[in-house]
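Note: the block below is model_3.csv and it holds CSV, C-alpha atoms.
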```csv
chain,number,residue,atom,x,y,z
A,223,MET,CA,-18.0,-6.9,-21.1
A,224,ILE,CA,-15.7,-6.2,-18.1
A,225,LYS,CA,-17.0,-7.6,-14.8
A,226,LEU,CA,-16.0,-6.1,-11.5
A,227,HIS,CA,-16.6,-8.3,-8.5
A,228,CYS,CA,-17.3,-5.8,-5.8
A,229,PHE,CA,-19.5,-4.5,-3.0
A,230,GLY,CA,-20.7,-1.0,-2.2
A,231,GLU,CA,-19.1,-0.6,1.2
A,232,SER,CA,-15.5,-1.3,-0.1
A,233,GLY,CA,-13.6,1.9,-0.9
A,234,ASN,CA,-11.0,-0.3,-2.6
A,235,ALA,CA,-13.7,-1.6,-4.9
A,236,TYR,CA,-14.8,1.9,-5.4
A,237,LYS,CA,-11.4,2.9,-6.8
A,238,ALA,CA,-11.8,0.3,-9.5
A,239,ALA,CA,-15.5,1.0,-10.2
A,240,LEU,CA,-15.0,4.8,-10.4
A,241,ALA,CA,-12.0,4.4,-12.8
A,242,LEU,CA,-14.1,2.0,-14.9
A,243,GLU,CA,-17.1,4.4,-14.9
A,244,LEU,CA,-15.2,7.6,-15.7
A,245,SER,CA,-13.1,5.8,-18.3
A,246,GLY,CA,-16.1,5.1,-20.5
A,247,LEU,CA,-15.4,1.4,-20.6
A,248,ASP,CA,-18.3,-1.0,-20.8
A,249,TRP,CA,-18.5,-2.8,-17.4
A,250,GLU,CA,-20.9,-4.3,-14.9
A,251,PRO,CA,-20.6,-4.9,-11.2
A,252,VAL,CA,-21.0,-8.5,-9.8
A,253,PHE,CA,-22.0,-8.4,-6.1
A,254,VAL,CA,-19.6,-10.1,-3.7
A,255,ASP,CA,-21.3,-10.5,-0.3
A,256,PHE,CA,-18.0,-9.9,1.5
A,257,PHE,CA,-19.6,-9.3,4.9
A,258,ALA,CA,-21.3,-12.7,4.7
A,259,GLY,CA,-17.9,-14.3,4.0
A,260,ALA,CA,-18.2,-14.7,0.2
A,261,ALA,CA,-14.6,-13.6,-0.3
A,262,ARG,CA,-13.3,-16.2,2.1
A,263,THR,CA,-14.9,-19.3,0.5
A,264,PRO,CA,-12.7,-22.0,-1.2
A,265,GLU,CA,-14.4,-21.1,-4.5
A,266,TRP,CA,-13.4,-17.5,-4.3
A,267,LYS,CA,-9.8,-18.4,-3.3
A,268,THR,CA,-9.5,-20.1,-6.7
A,269,VAL,CA,-10.3,-16.6,-8.2
A,270,ASN,CA,-8.2,-14.6,-5.8
A,271,THR,CA,-5.6,-16.2,-3.5
A,272,MET,CA,-5.5,-13.0,-1.5
A,273,ALA,CA,-9.2,-13.5,-0.5
A,274,GLU,CA,-10.0,-9.9,-1.4
A,275,ALA,CA,-12.4,-7.8,-3.4
A,276,PRO,CA,-12.4,-6.2,-5.9
A,277,VAL,CA,-11.5,-8.6,-8.7
A,278,LEU,CA,-11.7,-7.5,-12.3
A,279,VAL,CA,-12.4,-10.1,-15.0
A,280,ASP,CA,-11.9,-9.0,-18.6
A,281,GLY,CA,-11.8,-12.0,-21.0
A,282,ASP,CA,-8.8,-14.0,-19.9
A,283,MET,CA,-7.5,-11.4,-17.5
A,284,THR,CA,-8.4,-11.8,-13.8
A,285,LEU,CA,-6.9,-9.1,-11.6
A,286,SER,CA,-7.1,-8.1,-8.0
A,287,GLN,CA,-5.7,-5.1,-6.0
A,288,SER,CA,-7.4,-1.9,-6.9
A,289,GLY,CA,-4.1,-0.1,-7.8
A,290,ALA,CA,-3.3,-2.9,-10.3
A,291,ILE,CA,-6.8,-2.7,-11.8
A,292,GLN,CA,-6.4,1.1,-12.1
A,293,GLN,CA,-3.2,0.6,-14.0
A,294,TYR,CA,-4.9,-1.9,-16.3
A,295,ILE,CA,-7.7,0.6,-17.0
A,296,THR,CA,-5.1,3.3,-17.7
A,297,ASP,CA,-3.2,1.0,-20.1
A,298,LYS,CA,-6.4,0.1,-21.9
A,299,THR,CA,-7.8,3.6,-22.2
A,300,GLY,CA,-5.0,6.0,-21.9
A,301,LYS,CA,-6.8,7.8,-19.1
A,302,PHE,CA,-5.8,8.7,-15.5
A,303,GLY,CA,-2.1,8.0,-15.9
A,304,GLY,CA,-1.2,11.7,-16.0
A,305,ALA,CA,1.5,13.2,-18.3
A,306,PRO,CA,4.3,10.8,-19.2
A,307,ASP,CA,6.7,12.7,-16.9
A,308,ASP,CA,4.3,12.2,-14.0
A,309,LYS,CA,4.2,8.4,-14.1
A,310,TYR,CA,6.2,7.9,-11.0
A,311,GLU,CA,4.5,10.7,-9.2
A,312,VAL,CA,1.1,9.1,-9.8
A,313,LEU,CA,2.5,5.7,-8.7
A,314,ARG,CA,3.9,7.0,-5.5
A,315,TRP,CA,0.6,8.6,-4.5
A,316,VAL,CA,-1.2,5.4,-5.3
A,317,LEU,CA,1.3,3.5,-3.1
A,318,TRP,CA,1.1,6.1,-0.4
A,319,ASP,CA,-2.7,5.9,-0.4
A,320,ASN,CA,-2.5,2.1,-0.1
A,321,HIS,CA,0.0,2.3,2.7
A,322,LYS,CA,-1.1,5.3,4.7
A,323,LEU,CA,-4.6,6.5,3.8
A,324,SER,CA,-7.1,4.0,2.4
A,325,SER,CA,-5.8,1.0,4.3
A,326,GLN,CA,-6.2,2.7,7.7
A,327,ALA,CA,-9.4,4.7,6.8
A,328,GLY,CA,-11.0,1.5,5.6
A,329,MET,CA,-10.0,-0.4,8.7
A,330,THR,CA,-11.1,2.4,11.1
A,331,ARG,CA,-14.5,2.7,9.3
A,332,PHE,CA,-15.0,-1.0,9.5
A,333,LEU,CA,-14.2,-1.2,13.3
A,334,MET,CA,-16.5,1.8,14.1
A,335,ASN,CA,-19.4,0.9,11.9
A,336,PHE,CA,-19.5,-2.7,10.9
A,337,LEU,CA,-18.6,-4.4,14.2
A,338,SER,CA,-21.0,-4.7,17.1
A,339,ALA,CA,-20.3,-2.0,19.7
A,340,ASP,CA,-19.1,-4.6,22.3
A,341,LYS,CA,-16.4,-5.8,20.0
A,342,ARG,CA,-14.9,-2.4,19.1
A,343,PRO,CA,-11.2,-2.2,20.0
A,344,GLU,CA,-11.1,1.4,21.2
A,345,GLN,CA,-7.3,1.6,21.6
A,346,VAL,CA,-6.9,0.4,18.0
A,347,ILE,CA,-9.5,3.0,16.7
A,348,GLY,CA,-7.8,5.8,18.6
A,349,PHE,CA,-4.3,4.8,17.3
A,350,MET,CA,-5.6,4.5,13.7
A,351,GLN,CA,-7.2,7.9,13.9
A,352,GLY,CA,-3.9,9.4,15.1
A,353,ARG,CA,-2.2,7.9,12.1
A,354,LEU,CA,-5.0,9.0,9.8
A,355,LYS,CA,-4.7,12.6,11.0
A,356,ALA,CA,-1.1,12.6,9.9
A,357,ALA,CA,-2.1,11.3,6.5
A,358,TYR,CA,-4.9,13.9,6.1
A,359,THR,CA,-2.3,16.6,7.0
A,360,VAL,CA,0.1,15.4,4.3
A,361,LEU,CA,-2.6,15.3,1.6
A,362,ASN,CA,-4.3,18.6,2.6
A,363,ASP,CA,-0.9,20.3,2.6
A,364,HIS,CA,0.0,18.9,-0.7
A,365,LEU,CA,-3.3,20.1,-2.2
A,366,GLU,CA,-2.6,23.7,-1.2
A,367,GLY,CA,-2.8,25.7,-4.5
A,368,ARG,CA,-3.4,22.5,-6.5
A,369,ASP,CA,-6.6,21.3,-8.2
A,370,TRP,CA,-5.4,17.7,-8.5
A,371,ILE,CA,-2.8,15.6,-6.7
A,372,VAL,CA,-0.5,15.2,-9.7
A,373,GLY,CA,-0.5,17.5,-12.8
A,374,ASP,CA,-3.5,19.4,-13.9
A,375,SER,CA,-6.1,16.7,-14.4
A,376,MET,CA,-7.6,13.8,-12.5
A,377,THR,CA,-5.3,10.8,-12.2
A,378,ASN,CA,-5.2,7.4,-10.5
A,379,ALA,CA,-3.7,9.3,-7.5
A,380,ASP,CA,-7.0,11.2,-7.0
A,381,ILE,CA,-9.2,8.2,-7.6
A,382,SER,CA,-7.2,6.1,-5.1
A,383,CYS,CA,-6.9,8.7,-2.4
A,384,CYS,CA,-10.6,9.9,-2.5
A,385,SER,CA,-12.1,6.5,-2.2
A,386,TYR,CA,-12.9,6.2,1.5
A,387,LEU,CA,-13.4,9.9,1.9
A,388,PHE,CA,-16.9,9.9,0.2
A,389,TYR,CA,-18.5,7.4,2.6
A,390,PRO,CA,-21.1,8.7,5.1
A,391,GLU,CA,-20.3,6.3,8.0
A,392,PRO,CA,-18.4,8.2,10.7
A,393,TYR,CA,-14.8,7.2,11.3
A,394,GLY,CA,-13.2,10.5,12.4
A,395,PHE,CA,-12.9,12.2,9.0
A,396,ASP,CA,-14.7,15.5,8.7
A,397,ARG,CA,-13.9,17.1,5.3
A,398,THR,CA,-14.8,20.6,6.5
A,399,GLU,CA,-11.8,20.4,8.8
A,400,TRP,CA,-9.5,20.0,5.8
A,401,PRO,CA,-10.3,22.8,3.3
A,402,ASN,CA,-8.0,21.8,0.5
A,403,MET,CA,-9.3,18.2,0.6
A,404,ASP,CA,-12.8,19.5,0.8
A,405,ALA,CA,-12.5,21.6,-2.3
A,406,TRP,CA,-10.7,18.7,-4.1
A,407,LEU,CA,-13.5,16.2,-3.2
A,408,THR,CA,-16.1,18.6,-4.5
A,409,ARG,CA,-14.0,18.9,-7.7
A,410,ILE,CA,-14.0,15.1,-8.1
A,411,SER,CA,-17.8,14.8,-7.4
A,412,GLU,CA,-18.6,17.5,-9.9
A,413,THR,CA,-16.7,15.6,-12.6
A,414,PRO,CA,-19.2,14.5,-15.3
A,415,GLY,CA,-20.2,10.9,-14.8
A,416,TRP,CA,-19.1,10.8,-11.1
A,417,LYS,CA,-21.2,8.6,-8.9
A,418,HIS,CA,-21.2,8.0,-5.2
A,419,PRO,CA,-20.0,4.5,-4.2
A,420,TYR,CA,-23.5,3.4,-3.1
A,421,ASP,CA,-24.9,4.5,-6.5
A,422,LEU,CA,-22.1,2.7,-8.4
A,423,MET,CA,-22.0,-0.7,-6.8
A,424,PRO,CA,-24.5,-3.1,-5.2
A,425,GLY,CA,-24.5,-3.5,-1.4
A,426,ASN,CA,-24.8,-0.9,1.2
A,427,PRO,CA,-25.7,-0.7,4.9
A,428,GLY,CA,-29.3,0.3,4.0
A,429,ASP,CA,-29.8,-2.9,2.0
A,430,ARG,CA,-28.6,-5.0,4.9
A,431,ALA,CA,-30.5,-3.2,7.7
B,56,MET,CA,25.9,8.4,-8.6
B,57,ILE,CA,22.5,7.5,-7.3
B,58,LYS,CA,21.9,8.5,-3.7
B,59,LEU,CA,19.4,6.8,-1.5
B,60,HIS,CA,18.4,8.7,1.7
B,61,CYS,CA,17.7,5.8,4.1
B,62,PHE,CA,18.3,4.3,7.5
B,63,GLY,CA,19.0,0.7,8.4
B,64,GLU,CA,15.9,0.0,10.5
B,65,SER,CA,13.5,0.9,7.7
B,66,GLY,CA,12.3,-2.1,5.8
B,67,ASN,CA,10.8,0.3,3.2
B,68,ALA,CA,14.3,1.8,2.7
B,69,TYR,CA,15.6,-1.8,2.5
B,70,LYS,CA,13.3,-2.5,-0.5
B,71,ALA,CA,15.0,0.3,-2.4
B,72,ALA,CA,18.5,-0.4,-1.2
B,73,LEU,CA,18.3,-4.1,-2.0
B,74,ALA,CA,16.9,-3.5,-5.5
B,75,LEU,CA,19.7,-1.0,-6.1
B,76,GLU,CA,22.4,-3.4,-4.8
B,77,LEU,CA,21.2,-6.4,-6.7
B,78,SER,CA,20.6,-4.4,-9.9
B,79,GLY,CA,24.3,-3.6,-10.2
B,80,LEU,CA,23.6,0.2,-10.3
B,81,ASP,CA,26.2,2.5,-8.8
B,82,TRP,CA,24.6,3.9,-5.6
B,83,GLU,CA,25.4,5.1,-2.2
B,84,PRO,CA,23.3,5.5,1.0
B,85,VAL,CA,22.9,8.8,2.7
B,86,PHE,CA,21.9,8.4,6.4
B,87,VAL,CA,18.6,9.9,7.4
B,88,ASP,CA,18.4,10.0,11.2
B,89,PHE,CA,14.7,9.3,11.1
B,90,PHE,CA,14.3,8.3,14.8
B,91,ALA,CA,15.9,11.7,15.7
B,92,GLY,CA,13.2,13.4,13.7
B,93,ALA,CA,15.4,14.1,10.6
B,94,ALA,CA,12.5,13.2,8.2
B,95,ARG,CA,10.1,15.6,9.9
B,96,THR,CA,12.2,18.8,9.6
B,97,PRO,CA,11.1,21.7,7.3
B,98,GLU,CA,14.3,21.0,5.2
B,99,TRP,CA,13.3,17.4,4.6
B,100,LYS,CA,9.8,18.4,3.7
B,101,THR,CA,11.1,20.3,0.8
B,102,VAL,CA,12.6,17.1,-0.5
B,103,ASN,CA,9.6,14.9,0.4
B,104,THR,CA,6.2,16.3,1.3
B,105,MET,CA,5.2,12.9,2.7
B,106,ALA,CA,7.9,13.3,5.4
B,107,GLU,CA,9.1,9.7,4.7
B,108,ALA,CA,12.2,7.8,3.9
B,109,PRO,CA,13.5,6.4,1.6
B,110,VAL,CA,14.1,9.0,-1.0
B,111,LEU,CA,16.1,8.3,-4.2
B,112,VAL,CA,18.0,11.1,-5.9
B,113,ASP,CA,19.3,10.4,-9.4
B,114,GLY,CA,20.3,13.6,-11.2
B,115,ASP,CA,17.1,15.6,-11.6
B,116,MET,CA,14.9,12.8,-10.3
B,117,THR,CA,13.8,12.8,-6.7
B,118,LEU,CA,11.5,10.0,-5.7
B,119,SER,CA,9.9,8.6,-2.6
B,120,GLN,CA,7.8,5.5,-1.8
B,121,SER,CA,9.8,2.3,-2.1
B,122,GLY,CA,7.4,0.8,-4.7
B,123,ALA,CA,7.9,3.8,-7.0
B,124,ILE,CA,11.7,3.6,-6.5
B,125,GLN,CA,11.6,-0.1,-7.3
B,126,GLN,CA,9.7,0.6,-10.6
B,127,TYR,CA,12.2,3.3,-11.5
B,128,ILE,CA,15.1,0.9,-11.0
B,129,THR,CA,13.3,-1.7,-13.1
B,130,ASP,CA,12.7,0.8,-15.9
B,131,LYS,CA,16.4,1.8,-15.7
B,132,THR,CA,17.9,-1.7,-15.6
B,133,GLY,CA,15.3,-4.1,-17.0
B,134,LYS,CA,15.6,-6.1,-13.8
B,135,PHE,CA,13.0,-7.4,-11.3
B,136,GLY,CA,9.9,-6.5,-13.5
B,137,GLY,CA,9.3,-10.1,-14.4
B,138,ALA,CA,8.1,-11.3,-17.8
B,139,PRO,CA,6.0,-8.8,-19.8
B,140,ASP,CA,2.9,-10.8,-19.2
B,141,ASP,CA,3.5,-10.7,-15.4
B,142,LYS,CA,3.5,-6.9,-15.1
B,143,TYR,CA,0.2,-6.7,-13.3
B,144,GLU,CA,0.9,-9.7,-11.1
B,145,VAL,CA,4.1,-8.1,-9.9
B,146,LEU,CA,2.3,-4.8,-9.3
B,147,ARG,CA,-0.5,-6.4,-7.4
B,148,TRP,CA,1.9,-8.1,-5.0
B,149,VAL,CA,3.8,-4.9,-4.4
B,150,LEU,CA,0.5,-3.2,-3.6
B,151,TRP,CA,-0.6,-6.0,-1.4
B,152,ASP,CA,2.7,-5.8,0.5
B,153,ASN,CA,2.3,-2.1,1.0
B,154,HIS,CA,-1.3,-2.5,2.1
B,155,LYS,CA,-1.3,-5.7,4.1
B,156,LEU,CA,2.2,-6.9,5.0
B,157,SER,CA,5.1,-4.4,5.2
B,158,SER,CA,2.9,-1.5,6.5
B,159,GLN,CA,1.6,-3.6,9.4
B,160,ALA,CA,4.9,-5.5,10.1
B,161,GLY,CA,6.8,-2.3,10.2
B,162,MET,CA,4.4,-0.7,12.6
B,163,THR,CA,4.2,-3.7,14.9
B,164,ARG,CA,8.0,-4.0,15.0
B,165,PHE,CA,8.3,-0.3,15.8
B,166,LEU,CA,5.7,-0.5,18.6
B,167,MET,CA,7.4,-3.5,20.1
B,168,ASN,CA,11.0,-2.5,19.8
B,169,PHE,CA,11.5,1.2,19.3
B,170,LEU,CA,9.0,2.6,21.9
B,171,SER,CA,9.7,2.5,25.6
B,172,ALA,CA,7.8,-0.4,27.3
B,173,ASP,CA,5.4,1.9,29.2
B,174,LYS,CA,4.2,3.4,25.9
B,175,ARG,CA,3.4,0.2,24.1
B,176,PRO,CA,-0.2,0.0,23.0
B,177,GLU,CA,-0.8,-3.7,23.7
B,178,GLN,CA,-4.3,-3.9,22.1
B,179,VAL,CA,-2.9,-2.3,18.9
B,180,ILE,CA,0.0,-4.8,18.9
B,181,GLY,CA,-2.3,-7.8,19.3
B,182,PHE,CA,-4.7,-6.5,16.7
B,183,MET,CA,-1.8,-5.9,14.2
B,184,GLN,CA,-0.4,-9.4,14.9
B,185,GLY,CA,-3.8,-10.9,14.1
B,186,ARG,CA,-3.9,-9.1,10.8
B,187,LEU,CA,-0.3,-10.0,10.0
B,188,LYS,CA,-1.0,-13.7,10.6
B,189,ALA,CA,-3.7,-13.5,7.9
B,190,ALA,CA,-1.1,-11.9,5.6
B,191,TYR,CA,1.6,-14.5,6.4
B,192,THR,CA,-1.0,-17.2,5.6
B,193,VAL,CA,-1.8,-15.7,2.2
B,194,LEU,CA,1.9,-15.4,1.3
B,195,ASN,CA,2.9,-18.8,2.6
B,196,ASP,CA,0.0,-20.5,0.8
B,197,HIS,CA,0.9,-18.7,-2.4
B,198,LEU,CA,4.5,-19.9,-2.2
B,199,GLU,CA,3.4,-23.6,-2.0
B,200,GLY,CA,5.3,-25.2,-4.9
B,201,ARG,CA,6.8,-21.9,-6.0
B,202,ASP,CA,10.3,-20.6,-5.8
B,203,TRP,CA,9.3,-16.9,-6.3
B,204,ILE,CA,6.1,-14.9,-5.8
B,205,VAL,CA,5.7,-14.2,-9.6
B,206,GLY,CA,7.1,-16.2,-12.5
B,207,ASP,CA,10.4,-18.1,-12.1
B,208,SER,CA,12.9,-15.4,-10.9
B,209,MET,CA,13.2,-12.7,-8.3
B,210,THR,CA,10.9,-9.7,-9.0
B,211,ASN,CA,9.9,-6.5,-7.2
B,212,ALA,CA,7.2,-8.6,-5.5
B,213,ASP,CA,9.8,-10.7,-3.7
B,214,ILE,CA,11.9,-7.6,-2.9
B,215,SER,CA,8.9,-5.8,-1.4
B,216,CYS,CA,7.4,-8.6,0.6
B,217,CYS,CA,10.7,-9.9,2.1
B,218,SER,CA,11.8,-6.5,3.5
B,219,TYR,CA,10.7,-6.6,7.1
B,220,LEU,CA,11.0,-10.3,7.4
B,221,PHE,CA,14.8,-10.3,7.6
B,222,TYR,CA,15.0,-8.1,10.7
B,223,PRO,CA,16.0,-9.6,14.0
B,224,GLU,CA,13.8,-7.6,16.4
B,225,PRO,CA,10.9,-9.6,17.6
B,226,TYR,CA,7.4,-8.6,16.4
B,227,GLY,CA,5.6,-11.9,16.3
B,228,PHE,CA,7.0,-13.4,13.0
B,229,ASP,CA,8.9,-16.6,13.3
B,230,ARG,CA,9.9,-17.9,9.9
B,231,THR,CA,10.2,-21.5,11.0
B,232,GLU,CA,6.4,-21.5,11.5
B,233,TRP,CA,5.9,-20.7,7.8
B,234,PRO,CA,7.9,-23.2,5.9
B,235,ASN,CA,7.3,-21.9,2.3
B,236,MET,CA,8.2,-18.4,3.4
B,237,ASP,CA,11.2,-19.8,5.2
B,238,ALA,CA,12.6,-21.5,2.1
B,239,TRP,CA,11.8,-18.5,0.0
B,240,LEU,CA,13.7,-16.2,2.4
B,241,THR,CA,16.7,-18.5,2.3
B,242,ARG,CA,16.5,-18.5,-1.5
B,243,ILE,CA,16.6,-14.7,-1.5
B,244,SER,CA,19.5,-14.5,1.0
B,245,GLU,CA,21.5,-16.9,-1.0
B,246,THR,CA,21.1,-14.8,-4.2
B,247,PRO,CA,24.6,-13.5,-5.1
B,248,GLY,CA,25.1,-10.0,-3.8
B,249,TRP,CA,22.3,-10.1,-1.2
B,250,LYS,CA,23.0,-8.2,2.0
B,251,HIS,CA,21.2,-8.0,5.3
B,252,PRO,CA,19.6,-4.6,5.9
B,253,TYR,CA,22.0,-3.7,8.6
B,254,ASP,CA,24.9,-4.4,6.3
B,255,LEU,CA,23.5,-2.5,3.4
B,256,MET,CA,22.4,0.8,5.1
B,257,PRO,CA,23.7,3.0,7.9
B,258,GLY,CA,21.9,3.0,11.2
B,259,ASN,CA,20.9,0.1,13.4
B,260,PRO,CA,19.9,-0.5,17.0
B,261,GLY,CA,23.5,-1.4,17.9
B,262,ASP,CA,24.8,1.9,16.7
B,263,ARG,CA,22.3,3.8,18.8
B,264,ALA,CA,22.7,1.7,22.0
```
Give the structure from this file in C-alpha cells form.
Amino acid sequence: MIKLHCFGESGNAYKAALALELSGLDWEPVFVDFFAGAARTPEWKTVNTMAEAPVLVDGDMTLSQSGAIQQYITDKTGKFGGAPDDKYEVLRWVLWDNHKLSSQAGMTRFLMNFLSADKRPEQVIGFMQGRLKAAYTVLNDHLEGRDWIVGDSMTNADISCCSYLFYPEPYGFDRTEWPNMDAWLTRISETPGWKHPYDLMPGNPGDRA
Amino acid sequence: MIKLHCFGESGNAYKAALALELSGLDWEPVFVDFFAGAARTPEWKTVNTMAEAPVLVDGDMTLSQSGAIQQYITDKTGKFGGAPDDKYEVLRWVLWDNHKLSSQAGMTRFLMNFLSADKRPEQVIGFMQGRLKAAYTVLNDHLEGRDWIVGDSMTNADISCCSYLFYPEPYGFDRTEWPNMDAWLTRISETPGWKHPYDLMPGNPGDRA
C-alpha cells in the first residue's frame, strides 16, 4: 500500500493526499510531527535530503515535492493530467502555484497562526499579503468563465492551487472577495470523494491545543 | 525560429535561455522591458495571463513558466531530462528550485538592487536571506560528492537551480562560502556554449544606468 508521510496543517501534503484520495489508489497517511521537528532529524534526512514533507513511499519509490508526487499519481492512474495537448498548461500552473501561490500562502499562514504573537514579523506578513493579492488576482481573472484551471475537468493544476485555500486559519484570504475562485473551490469540494485537509490527514491545531 | 520574450535581469528567463542555447535549438531573444512595466500591459496579458516573463513562442505554441519551457525543450531535443529513471528526481528539484531557491533569491535580489534604498523592506530582506541560507544548505549538502544535481550529466535541475546564482548584484549569496555549489557553478560555466545571463539576453543594469 502507498504510504504518504504527511501532516494535516501542510497544504503541500494536502495536494498529494487529495490526489491520492480522488485517484482511487489505495493509500494511508503516516503522521510526520513536523512542528515538533520530526522532518529535521538525521533519520528523516536519509529519507528526504530536502527536510520536507510530504514524502510518498510506494514500494521502491520514495518521492518528495508535492508536484512530483502529483505527476507520479497521474502517470500511475491516468488521472488529473488533463488532455494530452494540455500537458504544458497543467505543468505551468503547478509551477506557478509553487512559485507564487502556495509557497507564499503557506508561509503567511504559518507566520500568522503557528508562531507566537511576539515573534510575528509584521513587515514580512504585509509584504507577502501584497504578493498574494497579485496571485489571487491572476487566478481569479483566469477562472472567469471557466470551471477548471485547464480544460474541462479537474487536473493537477486545480489540486495544486486549491491546497492552502481550504484552511480555516486566517492569513488574509477571504474567498468571498474572489467570486470566481469561490465558485471553483465549491466545485472542488463538491467533487465526490473530496475531503477537507483535516479530515484526510492526521494532525491539526485542535489536536495540539 | 523560436522566440523567447525575456530580459537579462530575470533568472527565470535565464533558465529558458540557457536551456535553448545549450540545446542547440535555433532561437532568438525578444526584449521585454519588464522594469518599465511591459509585462503588465493589457497587450502582454493577452500573451500571458500570469503577467510574467519569460514567454516562449514556437509556431503555434506559446508557453510561460520557465520550468514548463524547460520541459518543452527537453521533449523537443531529448536533452536535460536525465535518464528515464531520473524523471521524477529532475522534476522534484525543478519544483524545489521554484518553491525554495529561485523565487526567494530573485525577490531578495530585486529588493536589494532594483528598488531605491528608501523603499527597501529590511525585515523582509533579512527574513528571505534566512530562508535562502536554509536552501543553500540543502543544495550544498546534496552536491557533496556529486558533479550534478541528478545523475551524471547536466539536467533541468541544474539549469533551474543555478539561474540566479550567476548574477553579480549582491543579495547575500557568496559562492565561496558554499564549496560544493561553487565547484558545481564552475562546472556549469565551463560547459561548452555556456553564456552569462547578461551575454545571453538583452537588458542589464549597465544598459539602464
Quiz item: Could you pull the residues within 12 Å of region 396-412 of chain A, counting all atoms listed in the file, minus those fewer than 5 positions along the same chain, as an NGL selection string?
Solution: :A and (240-241 or 244 or 351 or 354-371 or 375-391 or 417-419)
Quiz item: Using all atoms listed in the file, which residue out of B:Met162, B:Ala172, B:Met167, B:Ala138 lies closest to chain A?
Solution: B:Met162
Self-check item: Who sits within 8 Å of Met350 (chain A), all atoms listed in the file, same chain under 6 positions skipped, as a PyMOL selection string
Solution: chain A and resi 326-327+330
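Going from CA of Ala258 (chain A) over to CA of Gly233 (chain A), you cover 17.4 Å.
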Exercise. When you get a sec, could you note down which chain A residues fall within 8 Å of chain B, using all atoms listed in the file, as a count of residues only?
Key: 23
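Going from CA of Val112 (chain B) to CA of Trp82 (chain B) covers 9.8 Å.
With CA of Ser245 (chain A) on one side and CA of Cys228 (chain A) on the other, the separation reads 17.6 Å.
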As a CSV table (one decimal), in the coordinates of the input, please: region 197-208 of chain B completed to N, CA and C atoms.
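That gives us selection-v9.csv:
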```csv
chain,number,residue,atom,x,y,z
B,197,HIS,N,0.5,-19.0,-1.0
B,197,HIS,CA,0.9,-18.7,-2.4
B,197,HIS,C,2.2,-19.3,-2.8
B,198,LEU,N,3.1,-19.4,-1.9
B,198,LEU,CA,4.5,-19.9,-2.2
B,198,LEU,C,4.5,-21.4,-2.2
B,199,GLU,N,3.4,-22.1,-1.9
B,199,GLU,CA,3.4,-23.6,-2.0
B,199,GLU,C,3.8,-24.0,-3.4
B,200,GLY,N,4.9,-24.7,-3.6
B,200,GLY,CA,5.3,-25.2,-4.9
B,200,GLY,C,5.9,-24.2,-5.8
B,201,ARG,N,6.2,-23.0,-5.2
B,201,ARG,CA,6.8,-21.9,-6.0
B,201,ARG,C,8.1,-21.5,-5.5
B,202,ASP,N,9.1,-21.1,-6.3
B,202,ASP,CA,10.3,-20.6,-5.8
B,202,ASP,C,10.2,-19.1,-5.6
B,203,TRP,N,9.4,-18.4,-6.4
B,203,TRP,CA,9.3,-16.9,-6.3
B,203,TRP,C,7.9,-16.5,-6.4
B,204,ILE,N,7.5,-15.3,-6.0
B,204,ILE,CA,6.1,-14.9,-5.8
B,204,ILE,C,5.5,-14.9,-7.2
B,205,VAL,N,6.2,-14.3,-8.2
B,205,VAL,CA,5.7,-14.2,-9.6
B,205,VAL,C,6.7,-14.8,-10.5
B,206,GLY,N,6.3,-15.7,-11.4
B,206,GLY,CA,7.1,-16.2,-12.5
B,206,GLY,C,8.3,-17.1,-11.9
B,207,ASP,N,9.4,-17.2,-12.6
B,207,ASP,CA,10.4,-18.1,-12.1
B,207,ASP,C,11.8,-17.4,-11.8
B,208,SER,N,11.7,-16.1,-11.4
B,208,SER,CA,12.9,-15.4,-10.9
B,208,SER,C,12.5,-14.3,-9.9
```
